[in-house]
file run.cif (mmCIF, C-alpha atoms)
data_run
#
loop_
_atom_site.group_PDB
_atom_site.id
_atom_site.type_symbol
_atom_site.label_atom_id
_atom_site.label_comp_id
_atom_site.auth_asym_id
_atom_site.auth_seq_id
_atom_site.Cartn_x
_atom_site.Cartn_y
_atom_site.Cartn_z
ATOM 1 C CA MET A 936 -8.724 -13.337 19.616
ATOM 2 C CA ASN A 937 -7.610 -11.772 16.326
ATOM 3 C CA PHE A 938 -5.642 -8.640 15.544
ATOM 4 C CA ASN A 939 -5.220 -7.180 12.054
ATOM 5 C CA HIS A 940 -3.237 -3.938 12.207
ATOM 6 C CA VAL A 941 -0.282 -3.068 9.970
ATOM 7 C CA HIS A 942 2.251 -0.230 10.176
ATOM 8 C CA LEU A 943 4.607 0.278 7.228
ATOM 9 C CA LEU A 944 7.354 2.834 6.728
ATOM 10 C CA GLY A 945 8.632 2.860 3.176
ATOM 11 C CA ASN A 946 8.895 4.617 -0.169
ATOM 12 C CA LEU A 947 6.333 4.939 -2.938
ATOM 13 C CA THR A 948 7.457 2.868 -5.910
ATOM 14 C CA SER A 949 5.503 5.007 -8.397
ATOM 15 C CA ASP A 950 2.998 7.860 -8.414
ATOM 16 C CA PRO A 951 -0.333 6.818 -6.856
ATOM 17 C CA GLU A 952 -3.109 5.810 -9.248
ATOM 18 C CA SER A 953 -6.268 7.670 -8.231
ATOM 19 C CA ARG A 954 -9.792 7.551 -9.558
ATOM 20 C CA VAL A 955 -13.267 8.687 -8.569
ATOM 21 C CA VAL A 956 -15.851 5.950 -8.016
ATOM 22 C CA SER A 957 -19.610 6.142 -7.523
ATOM 23 C CA GLY A 958 -21.121 4.721 -4.371
ATOM 24 C CA ARG A 959 -24.405 2.911 -4.055
ATOM 25 C CA ASP A 960 -25.996 6.110 -2.761
ATOM 26 C CA GLY A 961 -24.915 8.017 -5.880
ATOM 27 C CA SER A 962 -22.161 9.982 -4.149
ATOM 28 C CA ASN A 963 -18.619 10.053 -5.518
ATOM 29 C CA THR A 964 -15.477 9.214 -3.585
ATOM 30 C CA THR A 965 -11.776 9.004 -4.430
ATOM 31 C CA VAL A 966 -9.707 5.823 -4.176
ATOM 32 C CA SER A 967 -5.927 5.670 -4.614
ATOM 33 C CA ASN A 968 -3.808 2.582 -5.188
ATOM 34 C CA PHE A 969 -0.070 2.568 -4.626
ATOM 35 C CA THR A 970 2.812 0.323 -3.631
ATOM 36 C CA VAL A 971 5.181 0.874 -0.713
ATOM 37 C CA ALA A 972 8.689 -0.609 -0.789
ATOM 38 C CA VAL A 973 9.796 -1.710 2.684
ATOM 39 C CA ASN A 974 13.387 -2.759 3.384
ATOM 40 C CA ARG A 975 14.436 -5.528 5.767
ATOM 41 C CA HIS A 976 18.035 -5.575 6.980
ATOM 42 C CA TYR A 977 19.558 -8.694 8.512
ATOM 43 C CA LYS A 978 22.849 -10.527 8.953
ATOM 44 C CA LEU A 979 23.771 -14.067 7.989
ATOM 45 C CA LYS A 980 25.437 -16.368 10.523
ATOM 46 C CA ASN A 981 28.809 -15.488 8.971
ATOM 47 C CA GLY A 982 28.170 -11.772 9.702
ATOM 48 C CA GLU A 983 27.461 -10.773 6.111
ATOM 49 C CA ALA A 984 24.907 -7.946 5.953
ATOM 50 C CA ARG A 985 21.926 -8.468 3.686
ATOM 51 C CA LYS A 986 18.887 -6.487 2.634
ATOM 52 C CA ASP A 987 15.705 -7.488 0.895
ATOM 53 C CA VAL A 988 12.691 -5.488 -0.176
ATOM 54 C CA ALA A 989 8.986 -6.237 0.205
ATOM 55 C CA TYR A 990 6.630 -4.459 -2.185
ATOM 56 C CA VAL A 991 3.280 -4.003 -0.458
ATOM 57 C CA PRO A 992 0.228 -2.958 -2.490
ATOM 58 C CA CYS A 993 -1.996 -0.456 -0.678
ATOM 59 C CA GLU A 994 -5.420 1.100 -1.154
ATOM 60 C CA VAL A 995 -6.767 4.257 0.484
ATOM 61 C CA TRP A 996 -10.173 5.978 0.243
ATOM 62 C CA ASP A 997 -11.842 9.358 0.688
ATOM 63 C CA SER A 998 -9.884 12.397 1.900
ATOM 64 C CA ALA A 999 -6.653 10.431 2.392
ATOM 65 C CA ALA A 1000 -6.904 9.288 -1.241
ATOM 66 C CA GLU A 1001 -7.372 12.892 -2.340
ATOM 67 C CA PHE A 1002 -4.263 13.825 -0.322
ATOM 68 C CA MET A 1003 -2.319 11.024 -2.035
ATOM 69 C CA SER A 1004 -3.349 12.164 -5.515
ATOM 70 C CA LYS A 1005 -2.431 15.811 -4.848
ATOM 71 C CA TYR A 1006 0.699 15.645 -2.723
ATOM 72 C CA CYS A 1007 2.438 12.268 -3.060
ATOM 73 C CA GLU A 1008 4.754 11.008 -5.784
ATOM 74 C CA LYS A 1009 7.268 8.303 -6.547
ATOM 75 C CA GLY A 1010 10.055 8.120 -3.957
ATOM 76 C CA ASP A 1011 8.150 9.818 -1.129
ATOM 77 C CA LEU A 1012 8.656 8.348 2.331
ATOM 78 C CA LEU A 1013 5.303 7.305 3.823
ATOM 79 C CA LEU A 1014 4.109 5.945 7.134
ATOM 80 C CA VAL A 1015 0.906 3.994 6.483
ATOM 81 C CA GLN A 1016 -1.347 2.323 9.043
ATOM 82 C CA GLY A 1017 -4.225 0.015 8.296
ATOM 83 C CA SER A 1018 -5.256 -3.611 7.998
ATOM 84 C CA LEU A 1019 -4.652 -6.496 5.613
ATOM 85 C CA LYS A 1020 -7.277 -7.640 3.122
ATOM 86 C CA MET A 1021 -7.266 -10.685 0.843
ATOM 87 C CA ASP A 1022 -9.028 -10.575 -2.526
ATOM 88 C CA GLN A 1023 -9.620 -13.864 -4.352
ATOM 89 C CA TRP A 1024 -10.900 -14.438 -7.888
ATOM 90 C CA GLN A 1025 -10.734 -16.818 -10.808
ATOM 91 C CA ASP A 1026 -8.697 -15.659 -13.790
ATOM 92 C CA LYS A 1027 -11.035 -15.501 -16.794
ATOM 93 C CA GLU A 1028 -8.349 -16.375 -19.341
ATOM 94 C CA SER A 1029 -6.534 -19.215 -17.581
ATOM 95 C CA GLY A 1030 -9.239 -20.395 -15.178
ATOM 96 C CA TYR A 1031 -6.710 -20.433 -12.317
ATOM 97 C CA ASN A 1032 -7.632 -19.177 -8.868
ATOM 98 C CA ARG A 1033 -5.801 -15.971 -7.954
ATOM 99 C CA ALA A 1034 -5.328 -14.083 -4.699
ATOM 100 C CA MET A 1035 -3.814 -10.784 -3.643
ATOM 101 C CA LEU A 1036 -2.996 -9.611 -0.126
ATOM 102 C CA TYR A 1037 -2.866 -5.828 0.326
ATOM 103 C CA GLU A 1038 -3.193 -3.137 2.960
ATOM 104 C CA ILE A 1039 -6.331 -1.044 3.348
ATOM 105 C CA VAL A 1040 -4.854 2.211 4.648
ATOM 106 C CA ARG A 1041 -6.710 4.082 7.394
ATOM 107 C CA ASN A 1042 -4.042 6.671 8.241
ATOM 108 C CA LEU A 1043 -1.011 7.918 6.373
ATOM 109 C CA LYS A 1044 1.714 10.501 6.788
ATOM 110 C CA ARG A 1045 4.110 11.817 4.178
ATOM 111 C CA LEU A 1046 7.410 12.249 6.004
ATOM 112 C CA ASN A 1047 9.599 14.118 3.519
ATOM 113 C CA PHE A 1048 7.873 17.461 3.011
ATOM 114 C CA ALA A 1049 10.043 19.965 1.168
ATOM 115 C CA PRO A 1050 10.077 23.512 2.579
ATOM 116 C CA ALA A 1051 7.902 25.979 0.685
#
call {"tool": "encode", "arguments": {"input": "run.cif", "output": "structure tokens"}}
result
Amino acid sequence: MNFNHVHLLGNLTSDPESRVVSGRDGSNTTVSNFTVAVNRHYKLKNGEARKDVAYVPCEVWDSAAEFMSKYCEKGDLLLVQGSLKMDQWQDKESGYNRAMLYEIVRNLKRLNFAPA
């Protein structure tokens, strides 16, 4: 049995990069790419508090991508839910094999709305 579901709560590291792409059927759809910074707090055996940050690349499509491009910006607190995907390719310049693990976002919520 397998399970691939990810929940992240973190901050946008920069404004989302959005673009419109054409589908095979000729229709257009929006895709947004962004990175979420997620903190991990822990203590060493000696009691010293530590924190590290994971930077998780994310990709979202369709209406959620349109929402990202219109309403989200660097520093926003987001809750994103989705699944992990691994892309693999061979670098054309070096010939080395490359891989990137990222989250395909299915649902997202911006948690720091400012009052109008």
call {"tool": "resolve_selection", "arguments": {"input": "run.cif", "expression": "the PyMOL selection byres ((chain A and resi 1016-1024) around 10)", "output": "ChimeraX atom specification"}}
result
/A:938-944,993-995,1013-1015,1025-1027,1030-1044
call {"tool": "resolve_selection", "arguments": {"input": "run.cif", "expression": "the PyMOL selection byres ((chain A and resi 988) around 9)", "output": "PyMOL selection string"}}
result
chain A and resi 972-976+986-987+989-990
call {"tool": "resolve_selection", "arguments": {"input": "run.cif", "expression": "the PyMOL selection byres ((chain A and resi 950) around 8)", "output": "PyMOL selection string"}}
result
chain A and resi 947-949+951-952+969+1007-1009
call {"tool": "write_last_selection", "arguments": {"input": "run.cif", "atoms": "C-alpha atoms", "output": "PDB file, in the frame of the given file"}}
result
ATOM      1  CA  LEU A 947       6.333   4.939  -2.938  1.00  0.00           C
ATOM      2  CA  THR A 948       7.457   2.868  -5.910  1.00  0.00           C
ATOM      3  CA  SER A 949       5.503   5.007  -8.397  1.00  0.00           C
ATOM      4  CA  PRO A 951      -0.333   6.818  -6.856  1.00  0.00           C
ATOM      5  CA  GLU A 952      -3.109   5.810  -9.248  1.00  0.00           C
ATOM      6  CA  PHE A 969      -0.070   2.568  -4.626  1.00  0.00           C
ATOM      7  CA  CYS A1007       2.438  12.268  -3.060  1.00  0.00           C
ATOM      8  CA  GLU A1008       4.754  11.008  -5.784  1.00  0.00           C
ATOM      9  CA  LYS A1009       7.268   8.303  -6.547  1.00  0.00           C
TER      10      LYS A1009
END
call {"tool": "atom_distance", "arguments": {"input": "run.cif", "atom1": "atom CA of A:Ser957", "atom2": "atom CA of A:Ala999"}}
result
16.9 Å
call {"tool": "atom_distance", "arguments": {"input": "run.cif", "atom1": "atom CA of A:Ser953", "atom2": "atom CA of A:Trp996"}}
result
9.5 Å
call {"tool": "atom_distance", "arguments": {"input": "run.cif", "atom1": "atom CA of A:Asn963", "atom2": "atom CA of A:Met1003"}}
result
16.7 Å
call {"tool": "closest_residue", "arguments": {"input": "run.cif", "among": "A:Asp997, A:Arg1045, A:Glu1028, A:Lys1005", "to": "A:Val956", "atoms": "only C-alpha atoms"}}
result
A:Asp997
call {"tool": "axis_aligned_box", "arguments": {"input": "run.cif", "around": "stretch 1030-1048 of chain A", "padding_each_side": "8 Å", "output": "JSON"}}
result
{"center_x": 0.2, "center_y": -1.5, "center_z": -3.5, "size_x": 34.8, "size_y": 53.9, "size_z": 39.4}
call {"tool": "decode", "arguments": {"input": "run.cif", "residues": "stretch 1003-1015 of chain A", "atoms": "all heavy atoms", "output": "PDB file, in the first residue's frame"}}
result
ATOM      1  N   MET A1003      -3.217  32.198  -7.058  1.00  0.00           N
ATOM      2  CA  MET A1003      -1.839  32.491  -6.644  1.00  0.00           C
ATOM      3  C   MET A1003      -1.312  33.734  -7.338  1.00  0.00           C
ATOM      4  O   MET A1003      -0.730  34.609  -6.703  1.00  0.00           O
ATOM      5  CB  MET A1003      -0.913  31.318  -6.994  1.00  0.00           C
ATOM      6  CG  MET A1003      -1.027  30.104  -6.129  1.00  0.00           C
ATOM      7  SD  MET A1003      -0.423  30.317  -4.459  1.00  0.00           S
ATOM      8  CE  MET A1003       1.278  30.747  -4.709  1.00  0.00           C
ATOM      9  N   SER A1004      -1.527  33.829  -8.653  1.00  0.00           N
ATOM     10  CA  SER A1004      -0.961  34.946  -9.415  1.00  0.00           C
ATOM     11  C   SER A1004      -1.611  36.268  -9.049  1.00  0.00           C
ATOM     12  O   SER A1004      -0.965  37.315  -9.120  1.00  0.00           O
ATOM     13  CB  SER A1004      -1.067  34.681 -10.909  1.00  0.00           C
ATOM     14  OG  SER A1004      -2.410  34.671 -11.322  1.00  0.00           O
ATOM     15  N   LYS A1005      -2.875  36.253  -8.633  1.00  0.00           N
ATOM     16  CA  LYS A1005      -3.584  37.493  -8.311  1.00  0.00           C
ATOM     17  C   LYS A1005      -3.425  37.937  -6.861  1.00  0.00           C
ATOM     18  O   LYS A1005      -3.360  39.134  -6.583  1.00  0.00           O
ATOM     19  CB  LYS A1005      -5.079  37.334  -8.597  1.00  0.00           C
ATOM     20  CG  LYS A1005      -5.419  37.243 -10.059  1.00  0.00           C
ATOM     21  CD  LYS A1005      -6.916  37.084 -10.257  1.00  0.00           C
ATOM     22  CE  LYS A1005      -7.255  36.876 -11.722  1.00  0.00           C
ATOM     23  NZ  LYS A1005      -8.681  36.608 -11.916  1.00  0.00           N
ATOM     24  N   TYR A1006      -3.388  36.986  -5.932  1.00  0.00           N
ATOM     25  CA  TYR A1006      -3.539  37.346  -4.528  1.00  0.00           C
ATOM     26  C   TYR A1006      -2.364  36.987  -3.619  1.00  0.00           C
ATOM     27  O   TYR A1006      -2.375  37.361  -2.455  1.00  0.00           O
ATOM     28  CB  TYR A1006      -4.802  36.705  -3.956  1.00  0.00           C
ATOM     29  CG  TYR A1006      -6.047  37.122  -4.686  1.00  0.00           C
ATOM     30  CD1 TYR A1006      -6.730  36.228  -5.499  1.00  0.00           C
ATOM     31  CD2 TYR A1006      -6.524  38.427  -4.588  1.00  0.00           C
ATOM     32  CE1 TYR A1006      -7.867  36.613  -6.185  1.00  0.00           C
ATOM     33  CE2 TYR A1006      -7.662  38.825  -5.261  1.00  0.00           C
ATOM     34  CZ  TYR A1006      -8.328  37.914  -6.058  1.00  0.00           C
ATOM     35  OH  TYR A1006      -9.460  38.304  -6.739  1.00  0.00           O
ATOM     36  N   CYS A1007      -1.368  36.275  -4.103  1.00  0.00           N
ATOM     37  CA  CYS A1007      -0.289  35.831  -3.227  1.00  0.00           C
ATOM     38  C   CYS A1007       1.024  36.509  -3.583  1.00  0.00           C
ATOM     39  O   CYS A1007       1.305  36.760  -4.756  1.00  0.00           O
ATOM     40  CB  CYS A1007      -0.132  34.314  -3.312  1.00  0.00           C
ATOM     41  SG  CYS A1007      -1.594  33.422  -2.750  1.00  0.00           S
ATOM     42  N   GLU A1008       1.819  36.799  -2.554  1.00  0.00           N
ATOM     43  CA  GLU A1008       3.108  37.446  -2.763  1.00  0.00           C
ATOM     44  C   GLU A1008       4.098  36.983  -1.706  1.00  0.00           C
ATOM     45  O   GLU A1008       3.722  36.340  -0.713  1.00  0.00           O
ATOM     46  CB  GLU A1008       2.968  38.962  -2.743  1.00  0.00           C
ATOM     47  CG  GLU A1008       2.411  39.512  -1.460  1.00  0.00           C
ATOM     48  CD  GLU A1008       2.124  41.006  -1.517  1.00  0.00           C
ATOM     49  OE1 GLU A1008       2.013  41.566  -2.621  1.00  0.00           O
ATOM     50  OE2 GLU A1008       2.022  41.609  -0.434  1.00  0.00           O
ATOM     51  N   LYS A1009       5.345  37.340  -1.941  1.00  0.00           N
ATOM     52  CA  LYS A1009       6.433  36.959  -1.052  1.00  0.00           C
ATOM     53  C   LYS A1009       6.067  37.236   0.409  1.00  0.00           C
ATOM     54  O   LYS A1009       5.547  38.304   0.735  1.00  0.00           O
ATOM     55  CB  LYS A1009       7.696  37.736  -1.424  1.00  0.00           C
ATOM     56  CG  LYS A1009       8.889  37.415  -0.546  1.00  0.00           C
ATOM     57  CD  LYS A1009      10.105  38.207  -0.959  1.00  0.00           C
ATOM     58  CE  LYS A1009      11.270  37.889  -0.044  1.00  0.00           C
ATOM     59  NZ  LYS A1009      12.485  38.599  -0.454  1.00  0.00           N
ATOM     60  N   GLY A1010       6.332  36.246   1.271  1.00  0.00           N
ATOM     61  CA  GLY A1010       6.082  36.392   2.699  1.00  0.00           C
ATOM     62  C   GLY A1010       4.739  35.868   3.155  1.00  0.00           C
ATOM     63  O   GLY A1010       4.546  35.631   4.350  1.00  0.00           O
ATOM     64  N   ASP A1011       3.791  35.678   2.242  1.00  0.00           N
ATOM     65  CA  ASP A1011       2.469  35.187   2.632  1.00  0.00           C
ATOM     66  C   ASP A1011       2.575  33.814   3.282  1.00  0.00           C
ATOM     67  O   ASP A1011       3.363  32.969   2.874  1.00  0.00           O
ATOM     68  CB  ASP A1011       1.532  35.083   1.422  1.00  0.00           C
ATOM     69  CG  ASP A1011       1.003  36.428   0.967  1.00  0.00           C
ATOM     70  OD1 ASP A1011       1.149  37.423   1.710  1.00  0.00           O
ATOM     71  OD2 ASP A1011       0.449  36.482  -0.141  1.00  0.00           O
ATOM     72  N   LEU A1012       1.732  33.600   4.292  1.00  0.00           N
ATOM     73  CA  LEU A1012       1.636  32.307   4.956  1.00  0.00           C
ATOM     74  C   LEU A1012       0.627  31.456   4.202  1.00  0.00           C
ATOM     75  O   LEU A1012      -0.521  31.863   4.012  1.00  0.00           O
ATOM     76  CB  LEU A1012       1.201  32.491   6.410  1.00  0.00           C
ATOM     77  CG  LEU A1012       1.088  31.227   7.250  1.00  0.00           C
ATOM     78  CD1 LEU A1012       2.449  30.549   7.392  1.00  0.00           C
ATOM     79  CD2 LEU A1012       0.505  31.567   8.621  1.00  0.00           C
ATOM     80  N   LEU A1013       1.062  30.271   3.755  1.00  0.00           N
ATOM     81  CA  LEU A1013       0.202  29.383   2.970  1.00  0.00           C
ATOM     82  C   LEU A1013       0.106  28.010   3.616  1.00  0.00           C
ATOM     83  O   LEU A1013       1.081  27.497   4.169  1.00  0.00           O
ATOM     84  CB  LEU A1013       0.762  29.167   1.563  1.00  0.00           C
ATOM     85  CG  LEU A1013       0.799  30.321   0.594  1.00  0.00           C
ATOM     86  CD1 LEU A1013       1.367  29.837  -0.742  1.00  0.00           C
ATOM     87  CD2 LEU A1013      -0.573  30.910   0.386  1.00  0.00           C
ATOM     88  N   LEU A1014      -1.069  27.419   3.501  1.00  0.00           N
ATOM     89  CA  LEU A1014      -1.269  26.006   3.787  1.00  0.00           C
ATOM     90  C   LEU A1014      -1.493  25.345   2.436  1.00  0.00           C
ATOM     91  O   LEU A1014      -2.429  25.712   1.713  1.00  0.00           O
ATOM     92  CB  LEU A1014      -2.486  25.788   4.686  1.00  0.00           C
ATOM     93  CG  LEU A1014      -2.883  24.333   4.914  1.00  0.00           C
ATOM     94  CD1 LEU A1014      -1.774  23.580   5.644  1.00  0.00           C
ATOM     95  CD2 LEU A1014      -4.190  24.257   5.694  1.00  0.00           C
ATOM     96  N   VAL A1015      -0.599  24.436   2.051  1.00  0.00           N
ATOM     97  CA  VAL A1015      -0.726  23.758   0.763  1.00  0.00           C
ATOM     98  C   VAL A1015      -0.856  22.255   1.010  1.00  0.00           C
ATOM     99  O   VAL A1015      -0.235  21.706   1.920  1.00  0.00           O
ATOM    100  CB  VAL A1015       0.457  24.057  -0.184  1.00  0.00           C
ATOM    101  CG1 VAL A1015       0.462  25.506  -0.598  1.00  0.00           C
ATOM    102  CG2 VAL A1015       1.783  23.695   0.431  1.00  0.00           C
TER     103      VAL A1015
END
